[in-house]
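K.L.:
Dropping the structure in here first, questions after.
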Amino acid sequence: MTAAPTLHLTGVSKSYGPVRALQDVSLEVRPGEVLGLIGENGAGKSTLIGVVAGTVRPDAGVVRVHGRDAPLGDARAMSASGVSVVVQEQALVESLRVYENLYLGREVDLVGRAPGRGRRLRRLARTLLAELHLDEIDADAVVADLTYPQRQLVEIAKAFAIAGGSDAPPIILLDEPTSALTEHEAEILFDLIARWRDRVAFIYVSHILQDVLRLSTRLLVLRDGRVVDTLANDEVTDQQLHALMVGRARSTDYYREEEQSGAQDDTPVAELRSASSAADFTQVDLVVRPGEIVGLAGVVGSGKSSVAAAIAGALPLSDGEVVIAGRTRRRWSVSHAVRQGVLYVPPERARDSLFPNASVRSNITIGFLDLLARRSVRLLRIRDERARATELSRRLAVKASSLSVPVRELSGGNQQKTVFARWIGRGHCQVLVLDDPTRGIDVGTREEIYGLIRSLAADGIGVVLCTESLEEVIGLADRVVVMRDGRVSAEIDAPGSTKPTEIDIVEHMM
Amino acid sequence: MTQNLMDETATAPRQSRGSGAPGGGPLAVAGSLWGRYRNMLVPVLALVGLVLYFQSQSPAFVSEGSAQNILRQMAFLTVLALAGTFVILIGGIDLSVAANATLAGILIATWIDDYGGALAIAMVIAVGALVGLANGLITTVLKVPSFLVTLGMMSILNGISNQISDGGPVSFASGLLQTLVNESTVGSIPNGALIAIGLTVLLTVIAFATSYGRHLYAVGGNERAAALSGIRVRAVKLSVFALAGAIAAIAGIIFTGQASTGVPMGADASLLNSIAAIVVGGTALSGGIGGPHRTLLGALVIVILGSGMDITAVDPYTQLVVKGIVVIAAVALTIDRRRYGVIK
């Protein structure tokens, strides 16, 4: 075994436009180690995993595998040098059988070209699965017929298959591997890790802190794209980690907390009553009052985004009810919601909101065309349309050379402003549902959007705010609803005078 | 709000697109204008170029007789292409418009003497709309790609047309279609061409000046975003397919009026021409860009190309090759490559 670390990253940085996802990150892992990687949403975990996997090319930095420089952003080279990655999005070929998937692309090296290859591969696969105690998985099964957790185990077995086959100690990166596993299946995985630890360098990424604490020998904490601390895993507590993950001063000016007014009336404008949606959330009760900003917090997959979508009519409920302005809505879709003044700004602008080739003007007026139609002949009042679009873009300071240019030519922040303009133009708004409204937006525009949200709330609109940034939720919300595994785990008041800390909230998230 | 920001906006220079460096001189400006208006300029330039070329080849090209001929062909092709335009605009395609027109042509010939002109025409258009609605229902409810649904529908309609007509021409006595399609009310322009132009104007107004029309562009531009901004996407799609069927039926009536007899397989050969007209006009197959006004322009280009080749005695097989090349070139010029994956 070499003295050099098996995997060594030095000074890795990566920016996406104005967002600095990683800044000068260094880490090393040696065989015999399990490095636990933790950080809140948006801390840079995914980007770091991408760099190790070779799917993200960093702007700066050096990646060394077994003491040799690895080419940056080259997934094939990383895989060839012994780095296996098990990610949330699975990389199995569904139409092939388990044994074919395990040795995909390496068949000839393993069993040669002679006839009977299939039989030999199958035997190899059975031995491997037996050795890994994955008795419930048949080497002959077609992957498409397996359940999601079974596939996850196959994926992990594949990483081991590659690991077992090479001479140098391999590196296996597990990204949220237990997210879809039952407790029993997770135990099998933890056993595997413990048994193979001496021969493999593991990087383990999970938001389930207990698991990370139990498995890891060393911990690396990321925050805002930087390494906050690396510490040996002895007698570290949850609380210490929470503090490391979030600890930072919050600026009250930034979120205009002095303007925070809170609910203007106790009668709710929107409610969810023991609402469930098939796979996403269960028995959620939520109340939004006029003028109130309700923050939804939780890790990715906690169901917060789905709850927001359900209020806006974009996700049907399987059980429970949506109550808007005191009336239960049996048929609730986005088009119903829009007419009732429940307006939705979905999370991914390019996918969910924008008509990229249409003009900025059309992208704004699409939200209120029905209000521009003449009563008699249903023709649009084109002059009014132009005037409204101009007025709105001026009010929101949309920067564009002309409102006729396609919206795709605008910056992310200005695109998001056109989405806000689309709904503000309706005039009649009761509830505004915002899912990650500042994603990928520069600081200056963020501030403008915060100001906008505050002024809308001051006008008596109930705001539901769901974002990946805890700081943002705490800064803006009057009340924070925390979700964990599809259920509401806490409701925390956050008045301007006494804001909760991020630790107060994180402990209910994980 | 922030006054400074606005001043900046007002004085900000028009950004040039493409590779032109900022302030890169007239070439960059031309490049930028070309990028923005490409879909409009291509058919206009093609039209002017074709007329000049054929005129230089044969002085007979610009003449009263040839103009009449072009207007007649244009009437049918424009209406048929208008039928397909909205479907392509929402990102689908209707390959059954020509077969639907053939069926309508047969039905009008069969019914016009029995039921009388107005009722027969209304019934035929209703049948066309129902066929379109069936296309729409299969596409939206069963989620089968529209090109496949309408390809199947094309075969079904061919079968039905031949069953009704027993595979032979259907003659009729009424002179109504002759009046409606071939005679002239304004100058010497045949009424069929007036119908085509009137329909183009009507559909263009719908496309640009009604919420419904704007919703078509939204669905074609980004279906998911359309749904999330409150547009009832399924209703839009159903109505577009039904409308396509109804307009295809009008095209079929014009066809039978011009042929003065119902012809099985009559309009079928015009499918490629109608798609060519839509695409050459600048309506992108990727959806969300274009419109009925463009289709009129595209139909003119296709008809002039065809009749020009007739006059200059290009043999019919070479004509087929040329038209195929034109369609492919037009798609290549107008398609939005960012969304290439969308087209199956």
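Residue numbers start at 1 in each chain; chains themselves are named A, B, ... in the order of the structure tokens; ligands are numbered from 1 in the order shown.
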Applying 10 Å and only C-alpha atoms, which residues near Phe160 in chain A remain after dropping the ones on its own chain fewer than 6 positions away? List them as a CSV table (one decimal) with all heavy atoms, in the first residue's frame.
P.N.:
chain,number,residue,atom,x,y,z
A,84,SER,N,-15.3,4.8,-7.9
A,84,SER,CA,-16.7,4.4,-8.2
A,84,SER,C,-17.6,5.3,-7.5
A,84,SER,O,-17.4,5.7,-6.3
A,84,SER,CB,-16.9,3.0,-7.8
A,84,SER,OG,-16.1,2.1,-8.5
A,102,LEU,N,-23.3,-5.6,-13.7
A,102,LEU,CA,-22.2,-5.5,-12.8
A,102,LEU,C,-20.9,-5.4,-13.5
A,102,LEU,O,-20.0,-4.8,-13.0
A,102,LEU,CB,-22.2,-6.8,-11.9
A,102,LEU,CG,-23.3,-6.9,-10.9
A,102,LEU,CD1,-23.3,-8.3,-10.2
A,102,LEU,CD2,-23.2,-5.8,-9.9
A,128,LEU,N,-20.0,-12.9,-6.3
A,128,LEU,CA,-19.9,-11.6,-5.7
A,128,LEU,C,-21.1,-11.3,-4.8
A,128,LEU,O,-20.9,-10.8,-3.7
A,128,LEU,CB,-19.8,-10.6,-6.8
A,128,LEU,CG,-19.8,-9.1,-6.3
A,128,LEU,CD1,-18.4,-8.7,-5.8
A,128,LEU,CD2,-20.2,-8.1,-7.4
A,129,LEU,N,-22.3,-11.6,-5.3
A,129,LEU,CA,-23.5,-11.3,-4.6
A,129,LEU,C,-23.5,-12.1,-3.3
A,129,LEU,O,-23.9,-11.6,-2.2
A,129,LEU,CB,-24.7,-11.6,-5.4
A,129,LEU,CG,-25.0,-10.6,-6.6
A,129,LEU,CD1,-26.1,-11.1,-7.4
A,129,LEU,CD2,-25.2,-9.2,-6.1
A,132,LEU,N,-21.2,-10.6,-0.8
A,132,LEU,CA,-21.7,-9.3,-0.3
A,132,LEU,C,-23.0,-9.6,0.5
A,132,LEU,O,-23.6,-8.6,1.0
A,132,LEU,CB,-22.0,-8.4,-1.4
A,132,LEU,CG,-20.8,-7.9,-2.2
A,132,LEU,CD1,-21.3,-7.0,-3.4
A,132,LEU,CD2,-19.9,-7.1,-1.4
A,154,VAL,N,-27.8,-3.2,-6.1
A,154,VAL,CA,-27.0,-3.6,-7.3
A,154,VAL,C,-26.0,-2.6,-7.6
A,154,VAL,O,-24.8,-2.9,-7.9
A,154,VAL,CB,-28.0,-3.8,-8.5
A,154,VAL,CG1,-27.2,-4.1,-9.8
A,154,VAL,CG2,-28.9,-5.0,-8.2
A,170,PRO,N,-9.2,0.9,-4.2
A,170,PRO,CA,-10.2,1.7,-4.9
A,170,PRO,C,-10.9,2.7,-4.0
A,170,PRO,O,-10.8,2.6,-2.8
A,170,PRO,CB,-11.2,0.7,-5.4
A,170,PRO,CG,-11.1,-0.5,-4.4
A,170,PRO,CD,-9.7,-0.5,-3.9
A,171,ILE,N,-11.6,3.6,-4.6
A,171,ILE,CA,-12.3,4.7,-3.9
A,171,ILE,C,-13.8,4.5,-4.2
A,171,ILE,O,-14.1,4.5,-5.4
A,171,ILE,CB,-11.8,6.1,-4.3
A,171,ILE,CG1,-10.3,6.2,-4.0
A,171,ILE,CG2,-12.6,7.2,-3.6
A,171,ILE,CD1,-9.6,6.7,-5.1
A,172,ILE,N,-14.6,4.4,-3.2
A,172,ILE,CA,-16.1,4.3,-3.5
A,172,ILE,C,-16.7,5.5,-2.8
A,172,ILE,O,-16.6,5.7,-1.6
A,172,ILE,CB,-16.7,3.0,-2.9
A,172,ILE,CG1,-16.0,1.8,-3.7
A,172,ILE,CG2,-18.2,3.0,-3.1
A,172,ILE,CD1,-16.6,0.5,-3.3
A,192,LEU,N,-21.4,-4.1,4.9
A,192,LEU,CA,-20.5,-4.1,3.8
A,192,LEU,C,-19.4,-3.1,3.9
A,192,LEU,O,-18.2,-3.4,3.8
A,192,LEU,CB,-21.3,-3.8,2.5
A,192,LEU,CG,-22.2,-4.8,1.9
A,192,LEU,CD1,-22.8,-4.2,0.6
A,192,LEU,CD2,-21.4,-6.1,1.5
A,196,TRP,N,-15.4,-4.0,4.3
A,196,TRP,CA,-14.5,-3.7,3.2
A,196,TRP,C,-13.6,-2.5,3.5
A,196,TRP,O,-12.8,-2.1,2.7
A,196,TRP,CB,-15.3,-3.4,1.9
A,196,TRP,CG,-15.8,-4.7,1.3
A,196,TRP,CD1,-16.7,-5.5,1.7
A,196,TRP,CD2,-15.3,-5.2,0.1
A,196,TRP,NE1,-16.9,-6.6,0.9
A,196,TRP,CE2,-16.0,-6.4,-0.2
A,196,TRP,CE3,-14.3,-4.8,-0.9
A,196,TRP,CZ2,-15.8,-7.2,-1.3
A,196,TRP,CZ3,-14.2,-5.6,-2.0
A,196,TRP,CH2,-14.9,-6.8,-2.2
A,200,VAL,N,-10.7,-0.5,1.0
A,200,VAL,CA,-11.3,0.5,0.2
A,200,VAL,C,-11.3,1.9,0.9
A,200,VAL,O,-11.4,1.9,2.1
A,200,VAL,CB,-12.8,0.2,-0.1
A,200,VAL,CG1,-13.5,1.3,-0.9
A,200,VAL,CG2,-12.9,-1.2,-0.8
K.L.:
With 7 Å as the cut-off and only C-alpha atoms counted, what is the closest atom pair between each nearby residue of chain A and chain B? Distances in Å to one decimal, ordered by chain and number, as CSV.
P.N.:
residue,atom,partner,partner_atom,distance
A:Ala314,CA,B:Leu228,CA,6.7
A:Val334,CA,B:Gly230,CA,4.8
A:Ser335,CA,B:Gly230,CA,3.8
A:Val338,CA,B:Gly230,CA,6.0
A:Arg351,CA,B:Ala225,CA,6.7
A:Asp352,CA,B:Ala225,CA,4.4
A:Ser353,CA,B:Ala225,CA,4.5
A:Leu354,CA,B:Ala225,CA,6.2
A:Phe355,CA,B:Gly221,CA,5.3
A:Asn357,CA,B:Gly221,CA,6.9
A:Gly367,CA,B:Ser229,CA,6.5
A:Leu369,CA,B:Ser211,CA,5.7
A:Asp370,CA,B:Ser211,CA,6.4
A:Arg378,CA,B:Thr210,CA,6.5
A:Leu379,CA,B:Thr210,CA,5.0
A:Leu380,CA,B:Ala209,CA,5.1
A:Arg394,CA,B:Met6,CA,6.6
A:Arg395,CA,B:Met1,CA,5.7
A:Ala397,CA,B:Met6,CA,6.4
A:Lys399,CA,B:Thr9,CA,5.6
A:Ala400,CA,B:Thr9,CA,6.4
A:Ser401,CA,B:Arg14,CA,5.4
K.L.:
Report, in Å with one decimal, the straight-line distance from CA of Arg20 in chain A to CA of Leu410 in chain A.
P.N.:
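Value for the CA of Arg20 in chain A-CA of Leu410 in chain A distance: 20.3 Å.
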K.L.:
Applying 10 Å and only C-alpha atoms, which residues near Lys499 in chain A remain after dropping the ones on its own chain fewer than 5 positions away? List them as a PyMOL selection string.
P.N.:
chain A and resi 250+252+257+474-479+492-494+504
K.L.:
Which residues come within 12 Å of Thr178 in chain A, counting only C-alpha atoms, excluding same-chain residues fewer than 3 positions away, as a PyMOL selection string?
P.N.:
chain A and resi 86-88+148-153+156+174-175+181-190+204-209+211-212
K.L.:
May I have all residues of range 36-276 of chain A that DSSP, computed from the backbone, assigns to strand (DSSP E or B), given as JSON, numbers by chain?
P.N.:
{"A": [36, 37, 38, 60, 61, 62, 63, 64, 65, 68, 69, 83, 84, 85, 86, 97, 142, 171, 172, 173, 174, 175, 201, 202, 203, 204, 205, 218, 219, 220, 221, 222, 223, 226, 227, 228, 229, 230, 231, 232, 270, 271, 272, 273, 274, 275, 276]}
K.L.:
Using only C-alpha atoms, can you tell me which of B:Ala313, B:Ile160, B:Ile253, B:Ile90 comes closest to Trp111 in chain B?
P.N.:
B:Ile253
K.L.:
When DSSP works through the backbone of this structure, what residues of range 182-215 of chain B end up as helix (DSSP H, G or I), shown as an mmCIF file with N, CA, C and O atoms, in the first residue's frame?
P.N.:
data_model
loop_
_atom_site.group_PDB
_atom_site.id
_atom_site.type_symbol
_atom_site.label_atom_id
_atom_site.label_comp_id
_atom_site.auth_asym_id
_atom_site.auth_seq_id
_atom_site.Cartn_x
_atom_site.Cartn_y
_atom_site.Cartn_z
ATOM 1 N N ASN B 182 -64.512 28.652 -57.773
ATOM 2 C CA ASN B 182 -63.821 28.993 -59.021
ATOM 3 C C ASN B 182 -64.189 30.342 -59.607
ATOM 4 O O ASN B 182 -63.396 30.948 -60.312
ATOM 5 N N ASN B 191 -62.647 32.936 -56.134
ATOM 6 C CA ASN B 191 -63.143 32.998 -54.760
ATOM 7 C C ASN B 191 -62.360 32.097 -53.806
ATOM 8 O O ASN B 191 -62.205 32.405 -52.636
ATOM 9 N N GLY B 192 -61.865 30.969 -54.324
ATOM 10 C CA GLY B 192 -61.077 30.050 -53.488
ATOM 11 C C GLY B 192 -59.896 30.764 -52.849
ATOM 12 O O GLY B 192 -59.602 30.587 -51.665
ATOM 13 N N ALA B 193 -59.207 31.605 -53.666
ATOM 14 C CA ALA B 193 -58.051 32.331 -53.145
ATOM 15 C C ALA B 193 -58.481 33.331 -52.082
ATOM 16 O O ALA B 193 -57.780 33.540 -51.082
ATOM 17 N N LEU B 194 -59.688 33.932 -52.290
ATOM 18 C CA LEU B 194 -60.187 34.878 -51.278
ATOM 19 C C LEU B 194 -60.468 34.151 -49.968
ATOM 20 O O LEU B 194 -60.179 34.663 -48.882
ATOM 21 N N ILE B 195 -61.037 32.934 -50.088
ATOM 22 C CA ILE B 195 -61.286 32.151 -48.879
ATOM 23 C C ILE B 195 -59.971 31.888 -48.151
ATOM 24 O O ILE B 195 -59.862 32.056 -46.933
ATOM 25 N N ALA B 196 -58.932 31.496 -48.920
ATOM 26 C CA ALA B 196 -57.628 31.204 -48.322
ATOM 27 C C ALA B 196 -57.074 32.427 -47.608
ATOM 28 O O ALA B 196 -56.602 32.345 -46.468
ATOM 29 N N ILE B 197 -57.179 33.593 -48.274
ATOM 30 C CA ILE B 197 -56.628 34.807 -47.674
ATOM 31 C C ILE B 197 -57.452 35.207 -46.449
ATOM 32 O O ILE B 197 -56.904 35.557 -45.392
ATOM 33 N N GLY B 198 -58.771 35.105 -46.584
ATOM 34 C CA GLY B 198 -59.632 35.453 -45.448
ATOM 35 C C GLY B 198 -59.354 34.569 -44.246
ATOM 36 O O GLY B 198 -59.257 35.048 -43.112
ATOM 37 N N LEU B 199 -59.187 33.272 -44.500
ATOM 38 C CA LEU B 199 -58.916 32.338 -43.421
ATOM 39 C C LEU B 199 -57.563 32.641 -42.769
ATOM 40 O O LEU B 199 -57.410 32.575 -41.545
ATOM 41 N N THR B 200 -56.580 33.000 -43.614
ATOM 42 C CA THR B 200 -55.268 33.354 -43.075
ATOM 43 C C THR B 200 -55.393 34.555 -42.136
ATOM 44 O O THR B 200 -54.839 34.557 -41.036
ATOM 45 N N VAL B 201 -56.135 35.571 -42.584
ATOM 46 C CA VAL B 201 -56.295 36.769 -41.756
ATOM 47 C C VAL B 201 -56.982 36.405 -40.442
ATOM 48 O O VAL B 201 -56.524 36.772 -39.355
ATOM 49 N N LEU B 202 -58.055 35.618 -40.534
ATOM 50 C CA LEU B 202 -58.802 35.241 -39.340
ATOM 51 C C LEU B 202 -57.909 34.501 -38.344
ATOM 52 O O LEU B 202 -57.854 34.832 -37.150
ATOM 53 N N LEU B 203 -57.170 33.505 -38.849
ATOM 54 C CA LEU B 203 -56.328 32.710 -37.958
ATOM 55 C C LEU B 203 -55.172 33.536 -37.400
ATOM 56 O O LEU B 203 -54.736 33.327 -36.272
ATOM 57 N N THR B 204 -54.676 34.475 -38.210
ATOM 58 C CA THR B 204 -53.590 35.319 -37.724
ATOM 59 C C THR B 204 -54.079 36.209 -36.585
ATOM 60 O O THR B 204 -53.384 36.392 -35.583
ATOM 61 N N VAL B 205 -55.286 36.739 -36.743
ATOM 62 C CA VAL B 205 -55.852 37.553 -35.660
ATOM 63 C C VAL B 205 -56.020 36.695 -34.406
ATOM 64 O O VAL B 205 -55.673 37.104 -33.295
ATOM 65 N N ILE B 206 -56.523 35.478 -34.588
ATOM 66 C CA ILE B 206 -56.666 34.590 -33.431
ATOM 67 C C ILE B 206 -55.314 34.338 -32.774
ATOM 68 O O ILE B 206 -55.172 34.391 -31.560
ATOM 69 N N ALA B 207 -54.298 34.095 -33.604
ATOM 70 C CA ALA B 207 -52.980 33.760 -33.059
ATOM 71 C C ALA B 207 -52.382 34.905 -32.255
ATOM 72 O O ALA B 207 -51.783 34.693 -31.206
ATOM 73 N N PHE B 208 -52.560 36.143 -32.735
ATOM 74 C CA PHE B 208 -51.847 37.240 -32.091
ATOM 75 C C PHE B 208 -52.701 38.073 -31.153
ATOM 76 O O PHE B 208 -52.178 38.692 -30.241
ATOM 77 N N ALA B 209 -53.983 38.086 -31.366
ATOM 78 C CA ALA B 209 -54.790 39.038 -30.602
ATOM 79 C C ALA B 209 -55.826 38.378 -29.712
ATOM 80 O O ALA B 209 -56.752 39.042 -29.267
ATOM 81 N N SER B 211 -56.308 35.505 -26.251
ATOM 82 C CA SER B 211 -55.605 34.720 -25.234
ATOM 83 C C SER B 211 -55.351 33.325 -25.762
ATOM 84 O O SER B 211 -54.290 32.747 -25.568
ATOM 85 N N TYR B 212 -56.379 32.782 -26.441
ATOM 86 C CA TYR B 212 -56.250 31.435 -26.978
ATOM 87 C C TYR B 212 -55.012 31.315 -27.865
ATOM 88 O O TYR B 212 -54.213 30.397 -27.727
ATOM 89 N N GLY B 213 -54.845 32.279 -28.769
ATOM 90 C CA GLY B 213 -53.694 32.247 -29.670
ATOM 91 C C GLY B 213 -52.379 32.310 -28.913
ATOM 92 O O GLY B 213 -51.446 31.558 -29.186
ATOM 93 N N ARG B 214 -52.329 33.179 -27.919
ATOM 94 C CA ARG B 214 -51.097 33.289 -27.132
ATOM 95 C C ARG B 214 -50.808 31.996 -26.390
ATOM 96 O O ARG B 214 -49.670 31.611 -26.205
ATOM 97 N N HIS B 215 -51.891 31.338 -25.963
ATOM 98 C CA HIS B 215 -51.695 30.075 -25.259
ATOM 99 C C HIS B 215 -51.075 29.024 -26.182
ATOM 100 O O HIS B 215 -50.300 28.184 -25.724
#
K.L.:
Could you list, as a list in words, every residue within 10 Å of range 307-309 of chain B, counting only C-alpha atoms and ignoring same-chain residues fewer than 3 positions away?
P.N.:
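The filter keeps Leu50, Val51, Tyr53, Phe54, Gln55, Gln57, Ser58, Ala60, Phe61, Val62, Ser66, Ala67, Asn69, Ile70, Gln73, Ile302, Val303, Ile304, Thr312, Ala313, Val314, Asp315, Pro316, Thr318, Gln319 and Val322 of chain B.
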K.L.:
Please identify all polymer residues within 7 Å of Val288 in chain A, counting only C-alpha atoms, omitting same-chain residues fewer than 2 positions from it, and present them as an mmCIF file with all heavy atoms, in the first residue's frame.
P.N.:
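Result saved to out_8.cif:
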data_model
loop_
_atom_site.group_PDB
_atom_site.id
_atom_site.type_symbol
_atom_site.label_atom_id
_atom_site.label_comp_id
_atom_site.auth_asym_id
_atom_site.auth_seq_id
_atom_site.Cartn_x
_atom_site.Cartn_y
_atom_site.Cartn_z
ATOM 1 N N PRO A 268 -57.379 32.551 7.917
ATOM 2 C CA PRO A 268 -56.403 32.111 6.922
ATOM 3 C C PRO A 268 -56.893 32.358 5.480
ATOM 4 O O PRO A 268 -58.098 32.276 5.224
ATOM 5 C CB PRO A 268 -56.263 30.605 7.164
ATOM 6 C CG PRO A 268 -57.093 30.282 8.344
ATOM 7 C CD PRO A 268 -57.961 31.435 8.670
ATOM 8 N N VAL A 269 -55.953 32.694 4.571
ATOM 9 C CA VAL A 269 -56.304 32.762 3.156
ATOM 10 C C VAL A 269 -56.125 31.419 2.477
ATOM 11 O O VAL A 269 -56.772 31.126 1.484
ATOM 12 C CB VAL A 269 -55.467 33.806 2.375
ATOM 13 C CG1 VAL A 269 -56.040 35.183 2.547
ATOM 14 C CG2 VAL A 269 -54.010 33.749 2.769
ATOM 15 N N ALA A 270 -55.207 30.624 2.995
ATOM 16 C CA ALA A 270 -54.982 29.304 2.396
ATOM 17 C C ALA A 270 -54.656 28.315 3.499
ATOM 18 O O ALA A 270 -53.997 28.652 4.479
ATOM 19 C CB ALA A 270 -53.831 29.368 1.397
ATOM 20 N N GLU A 271 -55.186 27.105 3.339
ATOM 21 C CA GLU A 271 -54.942 26.064 4.336
ATOM 22 C C GLU A 271 -54.771 24.721 3.655
ATOM 23 O O GLU A 271 -55.426 24.434 2.653
ATOM 24 C CB GLU A 271 -56.169 25.924 5.251
ATOM 25 C CG GLU A 271 -56.249 26.873 6.417
ATOM 26 C CD GLU A 271 -57.528 26.604 7.190
ATOM 27 O OE1 GLU A 271 -57.485 25.767 8.095
ATOM 28 O OE2 GLU A 271 -58.553 27.206 6.842
ATOM 29 N N LEU A 286 -51.356 23.060 7.283
ATOM 30 C CA LEU A 286 -50.614 24.297 7.075
ATOM 31 C C LEU A 286 -51.618 25.441 6.972
ATOM 32 O O LEU A 286 -52.662 25.298 6.355
ATOM 33 C CB LEU A 286 -49.802 24.192 5.772
ATOM 34 C CG LEU A 286 -48.828 25.318 5.501
ATOM 35 C CD1 LEU A 286 -47.585 25.147 6.349
ATOM 36 C CD2 LEU A 286 -48.438 25.333 4.030
ATOM 37 N N PRO A 290 -53.320 36.331 5.809
ATOM 38 C CA PRO A 290 -52.995 37.496 4.971
ATOM 39 C C PRO A 290 -51.799 38.256 5.547
ATOM 40 O O PRO A 290 -51.726 38.470 6.762
ATOM 41 C CB PRO A 290 -54.255 38.365 5.043
ATOM 42 C CG PRO A 290 -55.311 37.499 5.625
ATOM 43 C CD PRO A 290 -54.663 36.398 6.371
ATOM 44 N N GLU A 292 -48.809 37.344 5.885
ATOM 45 C CA GLU A 292 -47.849 36.533 6.616
ATOM 46 C C GLU A 292 -46.921 35.815 5.637
ATOM 47 O O GLU A 292 -47.350 35.366 4.584
ATOM 48 C CB GLU A 292 -48.632 35.509 7.439
ATOM 49 C CG GLU A 292 -47.805 34.636 8.334
ATOM 50 C CD GLU A 292 -48.663 33.572 9.024
ATOM 51 O OE1 GLU A 292 -49.587 33.027 8.390
ATOM 52 O OE2 GLU A 292 -48.391 33.291 10.181
ATOM 53 N N VAL A 294 -44.905 32.508 5.353
ATOM 54 C CA VAL A 294 -44.691 31.215 5.986
ATOM 55 C C VAL A 294 -43.527 30.529 5.288
ATOM 56 O O VAL A 294 -43.573 30.288 4.086
ATOM 57 C CB VAL A 294 -45.950 30.325 5.882
ATOM 58 C CG1 VAL A 294 -45.697 28.965 6.508
ATOM 59 C CG2 VAL A 294 -47.132 31.013 6.529
ATOM 60 N N GLY A 462 -50.728 36.580 1.419
ATOM 61 C CA GLY A 462 -50.104 35.502 2.183
ATOM 62 C C GLY A 462 -49.023 34.869 1.332
ATOM 63 O O GLY A 462 -49.261 34.530 0.187
#
K.L.:
Might you pull out every residue within 9 Å of Gly128 in chain B, with only C-alpha atoms counted and same-chain residues fewer than 4 positions away left off, and present them as a ChimeraX atom specification?
P.N.:
/B:100-101,103-104,123-124,132-133,242-250
K.L.:
Can those selected residues be exported to a file as a short mmCIF file (atom, residue, chain, number, x, y, z; two decimals), in the first residue's frame so that it contains N, CA, C and O atoms?
P.N.:
data_model
loop_
_atom_site.label_atom_id
_atom_site.label_comp_id
_atom_site.auth_asym_id
_atom_site.auth_seq_id
_atom_site.Cartn_x
_atom_site.Cartn_y
_atom_site.Cartn_z
N ASN B 100 -57.65 13.74 -44.43
CA ASN B 100 -58.89 14.31 -43.93
C ASN B 100 -59.55 15.18 -45.01
O ASN B 100 -60.78 15.13 -45.20
N ALA B 101 -58.71 15.93 -45.74
CA ALA B 101 -59.24 16.75 -46.83
C ALA B 101 -59.83 15.87 -47.93
O ALA B 101 -60.89 16.18 -48.49
N LEU B 103 -61.18 12.91 -47.59
CA LEU B 103 -62.46 12.41 -47.10
C LEU B 103 -63.53 13.49 -47.23
O LEU B 103 -64.64 13.23 -47.71
N ALA B 104 -63.17 14.72 -46.84
CA ALA B 104 -64.13 15.82 -46.94
C ALA B 104 -64.55 16.04 -48.39
O ALA B 104 -65.72 16.27 -48.68
N MET B 123 -71.98 19.82 -42.40
CA MET B 123 -71.78 18.44 -41.97
C MET B 123 -70.35 17.98 -42.26
O MET B 123 -69.70 17.32 -41.43
N VAL B 124 -69.86 18.33 -43.43
CA VAL B 124 -68.51 17.91 -43.80
C VAL B 124 -67.47 18.52 -42.86
O VAL B 124 -66.56 17.85 -42.38
N GLY B 132 -60.35 15.34 -36.27
CA GLY B 132 -59.28 16.05 -35.57
C GLY B 132 -59.37 15.84 -34.06
O GLY B 132 -58.37 15.61 -33.39
N LEU B 133 -60.60 15.89 -33.54
CA LEU B 133 -60.80 15.70 -32.11
C LEU B 133 -60.32 14.31 -31.69
O LEU B 133 -59.69 14.14 -30.64
N ALA B 242 -58.88 19.59 -33.26
CA ALA B 242 -60.22 19.66 -33.83
C ALA B 242 -60.28 20.75 -34.91
O ALA B 242 -60.83 20.56 -35.99
N LEU B 243 -59.64 21.91 -34.59
CA LEU B 243 -59.62 23.01 -35.55
C LEU B 243 -58.88 22.59 -36.82
O LEU B 243 -59.32 22.90 -37.94
N ALA B 244 -57.79 21.86 -36.63
CA ALA B 244 -57.03 21.39 -37.79
C ALA B 244 -57.92 20.53 -38.68
O ALA B 244 -57.91 20.67 -39.91
N GLY B 245 -58.72 19.65 -38.05
CA GLY B 245 -59.61 18.79 -38.83
C GLY B 245 -60.64 19.61 -39.59
O GLY B 245 -60.90 19.36 -40.78
N ALA B 246 -61.21 20.62 -38.93
CA ALA B 246 -62.23 21.44 -39.57
C ALA B 246 -61.65 22.19 -40.77
O ALA B 246 -62.26 22.25 -41.84
N ILE B 247 -60.44 22.75 -40.59
CA ILE B 247 -59.83 23.51 -41.69
C ILE B 247 -59.44 22.58 -42.83
O ILE B 247 -59.59 22.90 -44.01
N ALA B 248 -58.97 21.38 -42.48
CA ALA B 248 -58.63 20.40 -43.52
C ALA B 248 -59.88 20.08 -44.34
O ALA B 248 -59.80 19.91 -45.57
N ALA B 249 -61.04 20.01 -43.68
CA ALA B 249 -62.28 19.73 -44.41
C ALA B 249 -62.58 20.86 -45.40
O ALA B 249 -63.00 20.61 -46.53
N ILE B 250 -62.33 22.11 -44.98
CA ILE B 250 -62.54 23.24 -45.91
C ILE B 250 -61.61 23.09 -47.11
O ILE B 250 -62.02 23.29 -48.27
#
